[in-house]
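**Q** Just passing along the structure, written as structure tokens.
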Amino acid sequence: MHANMSKHLVLLLITVCFTFALISTSAKETPIPIAPDGIEQNVQALDPAAATQAWLATVPKAQREKSDAYFEGGYWLILWNFLLTAVISIFLLASRISTRLRDFAERVCRGSRWLPQGSWQLPLQVILYAIAYFLIVAALSFPLNLYENFFREHQYGFATQSFLPWFREQLIGLGIAIVAGTILLIVLYGVFRRAPRTWWIWGTVVAVVFMFVTAFIAPVFIEPLFNTYKPLTKPEIRDPILAMARANQIPVKQVFEVDASRQTTRVSANVAGVLGTTRIALNDNLLKQCTLPEIREVMAHEMGHYVLNHGAKLLTYFGIFVLIGFALTRALFDAAVRRWGGRWGVCGIADPAGLPLLVLILSAMVFVATPVLNTVVRVTEREADAFGINTSREPDGMAKVALKLGAYRKLDPTPLEEFIFFDHPSGRSRIRMAMDWKAAHLPAGESPVADGASSIR
Ligand SMILES: [Zn+2]
């Protein structure tokens, strides 16, 4: 999904974030350094380690330094985004802006002749509070958002949008965040009120359902707001892709092309949706910049996500994370309210004025859990890579794609760096997997039927 939505809104909507990042996990690439002839030949005597180094050595030094700088800058942005969320949350609490917002929402709802009274009072208060909260947070975090997603993307040559179209998409993203976030908060605060001690269990159920619904509707209702998806019509590209899909029991009749070049020069493809909304899409940058072997490799990777049921697996993993996170949150929230509740004017979990505290605790946990969350995603990406190489049988295509991805993902990190910061395997890891596969030199499958006599192989 897009980096459009402000990080902080997404942090609150941790679940939305997970869904977009995970269920539409994407394989991405960029420009093509051509490998020297020697690398692709000589399969018999292939030394995977040396071959991996040879591929990496094809990237010019300046290009490597640029992509390292871009990716390492992202490490700091994780910290800045967390600190900004923390500062905004503490500011809203300590200044009692949060309390005043809640009181304002209460007064409006109680005093209104037009708004329904009775059991509708509390959800209406949550709606008023939530809309104001999202707008304030979006405004306060706009400078960092502007730097990270506009200026920095232009500085590194990835962005293709001028300011106004970019800003328009930010507003659309904010609108989606407000609608989705408010719905989530109405349900969550209903749970908080009815089950102040066991909300963390029921809240997890709410979060998982929310993730599922978001994943289900994203390809149909959200993604078309930013990009146009149309069926891929070129038979020379479409047919080999559909052949791989048929060979793996993937019930797709068409593959989609998305006009990602509207926003970025990055190459990518993704699987999105669940159940009936599942679709595989590759972007126009990929079609322009990659050869058919590379495209087949990328699409086989995306099919791996589908065949290996990664949507359901990630939903399960993140459900477990949310459960643990909510259990810890319950303890931390209550402790914070005992200590500072009087000063901030926050009475308890069911009090909307405590939303910034909830966001502060959850974002701190997501920040601390960054290596774990990245590793969970990276492991599923590695599974999709293994599926991709076995299905496409394109080790050199896989290596070339990995180098293109290296335009914006550090190619050769230390193992610790990869563990902490990488949500996809690094270029080095991917090329090594491809070269290990190539060195093992699996023979193409032989058909026992065509071959007649011999029975067991
Ligand atoms: Zn992937």
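Residues in the structure tokens are named by chain (A, B, ... in the order shown) and by number from 1 within that chain; ligands are numbered from 1 in the order shown.
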Please report, as a tab-separated table, each residue of range 331-410 of chain A lying at most 12 Å from range 135-150 of chain A, together with the nearest pair of atoms and the separation in Å rounded to one decimal; use only C-alpha atoms, and order rows by chain and ascending residue number.

**A**
residue	atom	partner	partner_atom	distance
A:Leu355	CA	A:Val137	CA	11.8
A:Pro356	CA	A:Val137	CA	9.8
A:Val359	CA	A:Val137	CA	11.2

**Q** From a backbone DSSP assignment, name each residue in range 377-452 of chain A labelled alpha helix (DSSP H), as a ChimeraX atom specification.

**A** /A:377-392,395-405,415-421,427-440,448-451

**Q** Can you pull out every residue within 8 Å of range 386-394 of chain A, counting only C-alpha atoms, but drop anything in the same chain fewer than 4 positions away, and send it as an MDAnalysis selection string?

**A** chainID A and resid 244 293:294 296:304 382 398 433:434 437

**Q** Could those selected residues go to a file with all heavy atoms, as a tab-separated table (two decimals), in the first residue's frame?

**A**
chain	number	residue	atom	x	y	z
A	244	MET	N	2.01	-20.29	-15.22
A	244	MET	CA	2.53	-20.61	-13.88
A	244	MET	C	1.39	-20.67	-12.87
A	244	MET	O	1.40	-21.51	-11.96
A	244	MET	CB	3.56	-19.55	-13.43
A	244	MET	CG	4.89	-19.65	-14.13
A	244	MET	SD	6.18	-18.67	-13.27
A	244	MET	CE	5.49	-17.02	-13.34
A	293	PRO	N	12.22	-13.30	-18.17
A	293	PRO	CA	12.65	-14.18	-17.07
A	293	PRO	C	12.53	-13.50	-15.70
A	293	PRO	O	12.13	-14.13	-14.72
A	293	PRO	CB	14.12	-14.47	-17.39
A	293	PRO	CG	14.22	-14.28	-18.86
A	293	PRO	CD	13.25	-13.21	-19.22
A	294	GLU	N	12.84	-12.20	-15.66
A	294	GLU	CA	12.74	-11.48	-14.39
A	294	GLU	C	11.28	-11.32	-13.97
A	294	GLU	O	10.93	-11.48	-12.80
A	294	GLU	CB	13.40	-10.10	-14.51
A	294	GLU	CG	14.90	-10.17	-14.73
A	294	GLU	CD	15.46	-8.86	-15.27
A	294	GLU	OE1	15.41	-7.86	-14.56
A	294	GLU	OE2	15.91	-8.84	-16.43
A	296	ARG	N	8.82	-13.27	-14.79
A	296	ARG	CA	8.32	-14.58	-14.35
A	296	ARG	C	8.76	-14.85	-12.91
A	296	ARG	O	8.00	-15.38	-12.10
A	296	ARG	CB	8.82	-15.68	-15.28
A	296	ARG	CG	8.10	-15.72	-16.63
A	296	ARG	CD	8.58	-16.90	-17.47
A	296	ARG	NE	8.14	-18.18	-16.90
A	296	ARG	CZ	8.94	-19.11	-16.40
A	296	ARG	NH1	10.25	-18.93	-16.40
A	296	ARG	NH2	8.46	-20.23	-15.92
A	297	GLU	N	10.00	-14.50	-12.60
A	297	GLU	CA	10.52	-14.77	-11.26
A	297	GLU	C	9.73	-13.97	-10.21
A	297	GLU	O	9.33	-14.49	-9.18
A	297	GLU	CB	12.01	-14.44	-11.20
A	297	GLU	CG	12.74	-15.10	-10.05
A	297	GLU	CD	12.52	-14.37	-8.73
A	297	GLU	OE1	12.40	-13.12	-8.76
A	297	GLU	OE2	12.49	-15.02	-7.68
A	298	VAL	N	9.50	-12.68	-10.52
A	298	VAL	CA	8.75	-11.84	-9.57
A	298	VAL	C	7.33	-12.37	-9.39
A	298	VAL	O	6.82	-12.48	-8.27
A	298	VAL	CB	8.70	-10.37	-10.07
A	298	VAL	CG1	7.77	-9.55	-9.19
A	298	VAL	CG2	10.09	-9.77	-10.06
A	299	MET	N	6.69	-12.73	-10.50
A	299	MET	CA	5.31	-13.20	-10.40
A	299	MET	C	5.24	-14.54	-9.67
A	299	MET	O	4.30	-14.80	-8.93
A	299	MET	CB	4.67	-13.30	-11.79
A	299	MET	CG	4.47	-11.97	-12.47
A	299	MET	SD	3.79	-10.68	-11.39
A	299	MET	CE	2.10	-11.19	-11.27
A	300	ALA	N	6.26	-15.38	-9.88
A	300	ALA	CA	6.28	-16.66	-9.17
A	300	ALA	C	6.41	-16.41	-7.66
A	300	ALA	O	5.81	-17.11	-6.84
A	300	ALA	CB	7.42	-17.54	-9.68
A	301	HIS	N	7.19	-15.40	-7.29
A	301	HIS	CA	7.31	-15.02	-5.88
A	301	HIS	C	5.92	-14.61	-5.33
A	301	HIS	O	5.51	-15.06	-4.27
A	301	HIS	CB	8.31	-13.87	-5.76
A	301	HIS	CG	8.31	-13.20	-4.41
A	301	HIS	ND1	9.29	-13.42	-3.47
A	301	HIS	CD2	7.46	-12.29	-3.86
A	301	HIS	CE1	9.03	-12.69	-2.39
A	301	HIS	NE2	7.92	-11.99	-2.61
A	302	GLU	N	5.23	-13.76	-6.09
A	302	GLU	CA	3.90	-13.30	-5.62
A	302	GLU	C	2.94	-14.49	-5.51
A	302	GLU	O	2.13	-14.56	-4.58
A	302	GLU	CB	3.33	-12.24	-6.56
A	302	GLU	CG	4.19	-10.99	-6.72
A	302	GLU	CD	4.50	-10.30	-5.39
A	302	GLU	OE1	3.73	-10.45	-4.43
A	302	GLU	OE2	5.53	-9.62	-5.31
A	303	MET	N	3.03	-15.40	-6.47
A	303	MET	CA	2.17	-16.59	-6.40
A	303	MET	C	2.50	-17.42	-5.17
A	303	MET	O	1.63	-18.07	-4.59
A	303	MET	CB	2.33	-17.43	-7.67
A	303	MET	CG	1.72	-16.77	-8.88
A	303	MET	SD	2.06	-17.70	-10.39
A	303	MET	CE	1.52	-16.49	-11.61
A	304	GLY	N	3.79	-17.38	-4.78
A	304	GLY	CA	4.19	-18.07	-3.56
A	304	GLY	C	3.42	-17.56	-2.36
A	304	GLY	O	2.96	-18.35	-1.52
A	382	ARG	N	10.97	-14.91	2.45
A	382	ARG	CA	11.96	-15.90	2.03
A	382	ARG	C	11.27	-17.17	1.52
A	382	ARG	O	11.72	-17.80	0.57
A	382	ARG	CB	12.88	-16.21	3.21
A	382	ARG	CG	14.14	-16.91	2.79
A	382	ARG	CD	15.17	-17.01	3.90
A	382	ARG	NE	16.20	-17.96	3.52
A	382	ARG	CZ	17.18	-17.68	2.68
A	382	ARG	NH1	17.27	-16.49	2.12
A	382	ARG	NH2	18.08	-18.60	2.36
A	398	MET	N	16.33	-14.03	-11.00
A	398	MET	CA	16.16	-13.68	-9.59
A	398	MET	C	17.30	-12.77	-9.13
A	398	MET	O	17.09	-11.80	-8.40
A	398	MET	CB	16.12	-14.94	-8.74
A	398	MET	CG	15.92	-14.67	-7.25
A	398	MET	SD	15.58	-16.21	-6.36
A	398	MET	CE	15.55	-15.64	-4.67
A	433	MET	N	20.60	-17.24	-2.55
A	433	MET	CA	19.60	-18.30	-2.71
A	433	MET	C	19.53	-18.74	-4.18
A	433	MET	O	19.51	-19.94	-4.49
A	433	MET	CB	18.22	-17.82	-2.25
A	433	MET	CG	17.13	-18.87	-2.40
A	433	MET	SD	15.46	-18.21	-2.08
A	433	MET	CE	15.27	-18.56	-0.35
A	434	ALA	N	19.54	-17.76	-5.07
A	434	ALA	CA	19.46	-18.08	-6.51
A	434	ALA	C	20.68	-18.86	-6.97
A	434	ALA	O	20.56	-19.84	-7.72
A	434	ALA	CB	19.32	-16.78	-7.31
A	437	TRP	N	20.68	-22.38	-5.68
A	437	TRP	CA	19.74	-23.15	-6.50
A	437	TRP	C	20.39	-23.54	-7.82
A	437	TRP	O	20.32	-24.67	-8.26
A	437	TRP	CB	18.47	-22.31	-6.75
A	437	TRP	CG	17.34	-23.07	-7.38
A	437	TRP	CD1	16.30	-23.66	-6.74
A	437	TRP	CD2	17.13	-23.30	-8.78
A	437	TRP	NE1	15.45	-24.26	-7.65
A	437	TRP	CE2	15.95	-24.05	-8.91
A	437	TRP	CE3	17.84	-22.96	-9.95
A	437	TRP	CZ2	15.43	-24.46	-10.14
A	437	TRP	CZ3	17.33	-23.37	-11.18
A	437	TRP	CH2	16.14	-24.11	-11.26

**Q** So the first atom is CA of Tyr408 in chain A and the second is CA of Ile217 in chain A; what is the distance between them in Å, to one decimal place?

**A** 29.0 Å

**Q** List the neighbours of Val209 in chain A out to 10 Å using only C-alpha atoms; skip same-chain residues closer than 4 positions along the sequence, and give me the result as a list in words.

**A** Thr15, Gly203, Thr204, Val205, Val213, Thr214, Ala215, Leu315 and Gly319 of chain A

**Q** Considering only C-alpha atoms, return as a PDB file with N, CA, C and O atoms, in the first residue's frame whatever protein or nucleic-acid residues lie within 12 Å of Ile90 in chain A, sequence-local ones (same chain, fewer than 5 positions apart) excluded.

**A**
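Result file part01.pdb:
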ATOM      1  N   LEU A  83       9.475   8.787  17.926  1.00  0.00           N
ATOM      2  CA  LEU A  83       9.628   9.909  18.865  1.00  0.00           C
ATOM      3  C   LEU A  83       8.571  10.980  18.621  1.00  0.00           C
ATOM      4  O   LEU A  83       8.015  11.539  19.574  1.00  0.00           O
ATOM      5  N   LEU A  84       8.266  11.229  17.351  1.00  0.00           N
ATOM      6  CA  LEU A  84       7.243  12.240  17.051  1.00  0.00           C
ATOM      7  C   LEU A  84       5.882  11.795  17.598  1.00  0.00           C
ATOM      8  O   LEU A  84       5.162  12.594  18.219  1.00  0.00           O
ATOM      9  N   THR A  85       5.546  10.536  17.389  1.00  0.00           N
ATOM     10  CA  THR A  85       4.280  10.024  17.924  1.00  0.00           C
ATOM     11  C   THR A  85       4.251  10.174  19.440  1.00  0.00           C
ATOM     12  O   THR A  85       3.236  10.581  20.021  1.00  0.00           O
ATOM     13  N   SER A  95      -1.059  18.801  27.992  1.00  0.00           N
ATOM     14  CA  SER A  95      -1.690  20.111  27.778  1.00  0.00           C
ATOM     15  C   SER A  95      -3.192  20.052  28.070  1.00  0.00           C
ATOM     16  O   SER A  95      -3.868  21.076  28.026  1.00  0.00           O
ATOM     17  N   ARG A  96      -3.683  18.852  28.304  1.00  0.00           N
ATOM     18  CA  ARG A  96      -5.113  18.594  28.533  1.00  0.00           C
ATOM     19  C   ARG A  96      -5.976  18.942  27.310  1.00  0.00           C
ATOM     20  O   ARG A  96      -7.191  19.085  27.429  1.00  0.00           O
ATOM     21  N   ILE A  97      -5.320  19.035  26.146  1.00  0.00           N
ATOM     22  CA  ILE A  97      -6.096  19.221  24.912  1.00  0.00           C
ATOM     23  C   ILE A  97      -7.003  18.008  24.713  1.00  0.00           C
ATOM     24  O   ILE A  97      -8.166  18.123  24.320  1.00  0.00           O
ATOM     25  N   SER A  98      -6.464  16.824  25.047  1.00  0.00           N
ATOM     26  CA  SER A  98      -7.244  15.602  24.890  1.00  0.00           C
ATOM     27  C   SER A  98      -8.493  15.636  25.773  1.00  0.00           C
ATOM     28  O   SER A  98      -9.593  15.298  25.334  1.00  0.00           O
ATOM     29  N   VAL A 137      -3.391  15.176  14.799  1.00  0.00           N
ATOM     30  CA  VAL A 137      -2.171  14.376  14.633  1.00  0.00           C
ATOM     31  C   VAL A 137      -1.624  14.514  13.210  1.00  0.00           C
ATOM     32  O   VAL A 137      -0.410  14.653  13.007  1.00  0.00           O
ATOM     33  N   ALA A 336      -0.288   3.794  34.197  1.00  0.00           N
ATOM     34  CA  ALA A 336      -0.099   5.205  33.833  1.00  0.00           C
ATOM     35  C   ALA A 336      -1.260   6.056  34.345  1.00  0.00           C
ATOM     36  O   ALA A 336      -1.056   7.176  34.820  1.00  0.00           O
ATOM     37  N   TRP A 340      -0.649   9.236  36.518  1.00  0.00           N
ATOM     38  CA  TRP A 340      -0.816  10.575  35.926  1.00  0.00           C
ATOM     39  C   TRP A 340      -2.263  10.902  35.560  1.00  0.00           C
ATOM     40  O   TRP A 340      -2.527  11.978  35.036  1.00  0.00           O
ATOM     41  N   TRP A 344      -3.732  14.434  33.960  1.00  0.00           N
ATOM     42  CA  TRP A 344      -4.152  14.486  32.547  1.00  0.00           C
ATOM     43  C   TRP A 344      -5.672  14.543  32.393  1.00  0.00           C
ATOM     44  O   TRP A 344      -6.178  14.839  31.318  1.00  0.00           O
ATOM     45  N   GLY A 354      -8.207   9.207  26.851  1.00  0.00           N
ATOM     46  CA  GLY A 354      -6.994   8.391  27.026  1.00  0.00           C
ATOM     47  C   GLY A 354      -6.443   7.857  25.720  1.00  0.00           C
ATOM     48  O   GLY A 354      -5.426   7.147  25.727  1.00  0.00           O
ATOM     49  N   LEU A 355      -7.072   8.211  24.583  1.00  0.00           N
ATOM     50  CA  LEU A 355      -6.585   7.673  23.299  1.00  0.00           C
ATOM     51  C   LEU A 355      -5.106   7.961  23.035  1.00  0.00           C
ATOM     52  O   LEU A 355      -4.367   7.054  22.642  1.00  0.00           O
ATOM     53  N   PRO A 356      -4.620   9.202  23.295  1.00  0.00           N
ATOM     54  CA  PRO A 356      -3.189   9.432  23.057  1.00  0.00           C
ATOM     55  C   PRO A 356      -2.302   8.514  23.909  1.00  0.00           C
ATOM     56  O   PRO A 356      -1.233   8.092  23.442  1.00  0.00           O
ATOM     57  N   LEU A 357      -2.739   8.196  25.118  1.00  0.00           N
ATOM     58  CA  LEU A 357      -1.954   7.283  25.958  1.00  0.00           C
ATOM     59  C   LEU A 357      -1.934   5.886  25.345  1.00  0.00           C
ATOM     60  O   LEU A 357      -0.892   5.215  25.300  1.00  0.00           O
ATOM     61  N   LEU A 358      -3.092   5.460  24.854  1.00  0.00           N
ATOM     62  CA  LEU A 358      -3.174   4.157  24.193  1.00  0.00           C
ATOM     63  C   LEU A 358      -2.241   4.105  22.985  1.00  0.00           C
ATOM     64  O   LEU A 358      -1.489   3.140  22.795  1.00  0.00           O
ATOM     65  N   VAL A 359      -2.263   5.174  22.179  1.00  0.00           N
ATOM     66  CA  VAL A 359      -1.408   5.240  20.988  1.00  0.00           C
ATOM     67  C   VAL A 359       0.068   5.255  21.402  1.00  0.00           C
ATOM     68  O   VAL A 359       0.904   4.587  20.785  1.00  0.00           O
ATOM     69  N   LEU A 360       0.374   5.994  22.458  1.00  0.00           N
ATOM     70  CA  LEU A 360       1.762   6.067  22.938  1.00  0.00           C
ATOM     71  C   LEU A 360       2.269   4.675  23.323  1.00  0.00           C
ATOM     72  O   LEU A 360       3.361   4.255  22.920  1.00  0.00           O
ATOM     73  N   ILE A 361       1.470   3.941  24.084  1.00  0.00           N
ATOM     74  CA  ILE A 361       1.891   2.614  24.539  1.00  0.00           C
ATOM     75  C   ILE A 361       2.026   1.657  23.353  1.00  0.00           C
ATOM     76  O   ILE A 361       3.032   0.947  23.211  1.00  0.00           O
TER      77      ILE A 361
END

**Q** Just the residues within 12 Å of Ala331 in chain A, please, counting only C-alpha atoms, with nothing from its chain fewer than 2 positions along; format it as a list in words.

**A**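 These residues fall inside the cut-off: Pro196, Arg197, Thr198, Trp199, Trp200, Ile324, Gly325, Phe326, Ala327, Leu328, Thr329, Phe333, Asp334, Ala335, Ala336, Val337, Arg338, Gly348, Ile349, Leu358 and Ile361 of chain A.
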
**Q** For the residues selected in the previous step, produce a file with C-alpha atoms as a PDB file, in the first residue's frame.

**A**
ATOM      1  CA  PRO A 196     -12.892  -2.918  31.242  1.00  0.00           C
ATOM      2  CA  ARG A 197     -10.896  -5.890  32.569  1.00  0.00           C
ATOM      3  CA  THR A 198     -10.971  -8.319  29.651  1.00  0.00           C
ATOM      4  CA  TRP A 199     -10.994  -5.811  26.762  1.00  0.00           C
ATOM      5  CA  TRP A 200      -7.598  -7.023  25.603  1.00  0.00           C
ATOM      6  CA  ILE A 324       0.299  -9.999  23.659  1.00  0.00           C
ATOM      7  CA  GLY A 325       0.488  -6.269  22.926  1.00  0.00           C
ATOM      8  CA  PHE A 326      -3.002  -5.595  24.267  1.00  0.00           C
ATOM      9  CA  ALA A 327      -2.342  -7.668  27.398  1.00  0.00           C
ATOM     10  CA  LEU A 328       0.779  -5.580  28.116  1.00  0.00           C
ATOM     11  CA  THR A 329      -1.085  -2.414  27.190  1.00  0.00           C
ATOM     12  CA  PHE A 333      -2.344   1.826  30.668  1.00  0.00           C
ATOM     13  CA  ASP A 334      -3.805   1.207  34.109  1.00  0.00           C
ATOM     14  CA  ALA A 335      -0.452   1.936  35.760  1.00  0.00           C
ATOM     15  CA  ALA A 336      -0.099   5.205  33.833  1.00  0.00           C
ATOM     16  CA  VAL A 337      -3.641   6.283  34.741  1.00  0.00           C
ATOM     17  CA  ARG A 338      -2.993   5.552  38.441  1.00  0.00           C
ATOM     18  CA  GLY A 348      -9.577   4.837  32.426  1.00  0.00           C
ATOM     19  CA  ILE A 349      -9.429   2.757  29.296  1.00  0.00           C
ATOM     20  CA  LEU A 358      -3.174   4.157  24.193  1.00  0.00           C
ATOM     21  CA  ILE A 361       1.891   2.614  24.539  1.00  0.00           C
TER      22      ILE A 361
END

**Q** Using only C-alpha atoms, which protein or nucleic acid residues come within 8 Å of Phe82 in chain A? Drop anything in the same chain fewer than 5 positions from it, and give the result as an mmCIF file with N, CA and C atoms, in the first residue's frame.

**A**
data_model
loop_
_atom_site.group_PDB
_atom_site.id
_atom_site.type_symbol
_atom_site.label_atom_id
_atom_site.label_comp_id
_atom_site.auth_asym_id
_atom_site.auth_seq_id
_atom_site.Cartn_x
_atom_site.Cartn_y
_atom_site.Cartn_z
ATOM 1 N N SER A 363 2.468 2.359 20.143
ATOM 2 C CA SER A 363 3.562 2.686 19.222
ATOM 3 C C SER A 363 4.909 2.367 19.848
ATOM 4 N N ALA A 364 5.031 2.508 21.171
ATOM 5 C CA ALA A 364 6.281 2.129 21.834
ATOM 6 C C ALA A 364 6.515 0.627 21.682
ATOM 7 N N PHE A 367 7.534 -0.118 18.146
ATOM 8 C CA PHE A 367 8.914 0.325 17.956
ATOM 9 C C PHE A 367 9.899 -0.710 18.509
#

**Q** Expressed in Å to a single decimal, how great is the separation between CA of Asn374 in chain A and CA of Asp423 in chain A?

**A**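 About the pair CA of Asn374 in chain A and CA of Asp423 in chain A: they are 4.5 Å apart.
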
**Q** Restricting the calculation to only C-alpha atoms and all ligand atoms, which member of A:Arg378, A:Arg110, A:Arg279, A:Arg262 is positioned closest to ligand 1?

**A**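 Looking only at the distances to ligand 1, the closest residue turns out to be A:Arg378.
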
**Q** Between CA of Asn270 in chain A and CA of Asn227 in chain A, what distance in Å does the model show, to one decimal?

**A**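 We find that CA of Asn270 in chain A and CA of Asn227 in chain A lie 13.5 Å from each other.
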
**Q** Per DSSP on the backbone, what are the strand (DSSP E or B) residues of range 190-430 of chain A, as a ChimeraX atom specification?

**A** /A:229-231,256-258,264,267-272,279-283

**Q** Out of A:Gly311, A:Pro224, A:Gly157, A:Pro371, which residue has the shortest atom-to-atom distance to ligand 1 when counting only C-alpha atoms and all ligand atoms?

**A** A:Gly311

**Q** When distances are computed from only C-alpha atoms, which of A:Gly345, A:Gly73, A:Gly181, A:Gly190 shows the smallest separation from Ala94 in chain A?

**A**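 Distance minimum relative to Ala94 in chain A lands on A:Gly345.
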
**Q** From the set A:Phe158, A:Lys400, A:Leu332, A:Ala269, which residue has the shortest atom-to-atom contact distance to ligand 1, counting only C-alpha atoms and all ligand atoms?

**A** A:Ala269

**Q** Restricting the calculation to only C-alpha atoms, which member of A:Leu362, A:Ile420, A:Arg430, A:Val379 is positioned closest to Ser89 in chain A?

**A**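 For Ser89 in chain A, the nearest of the given residues is A:Leu362.
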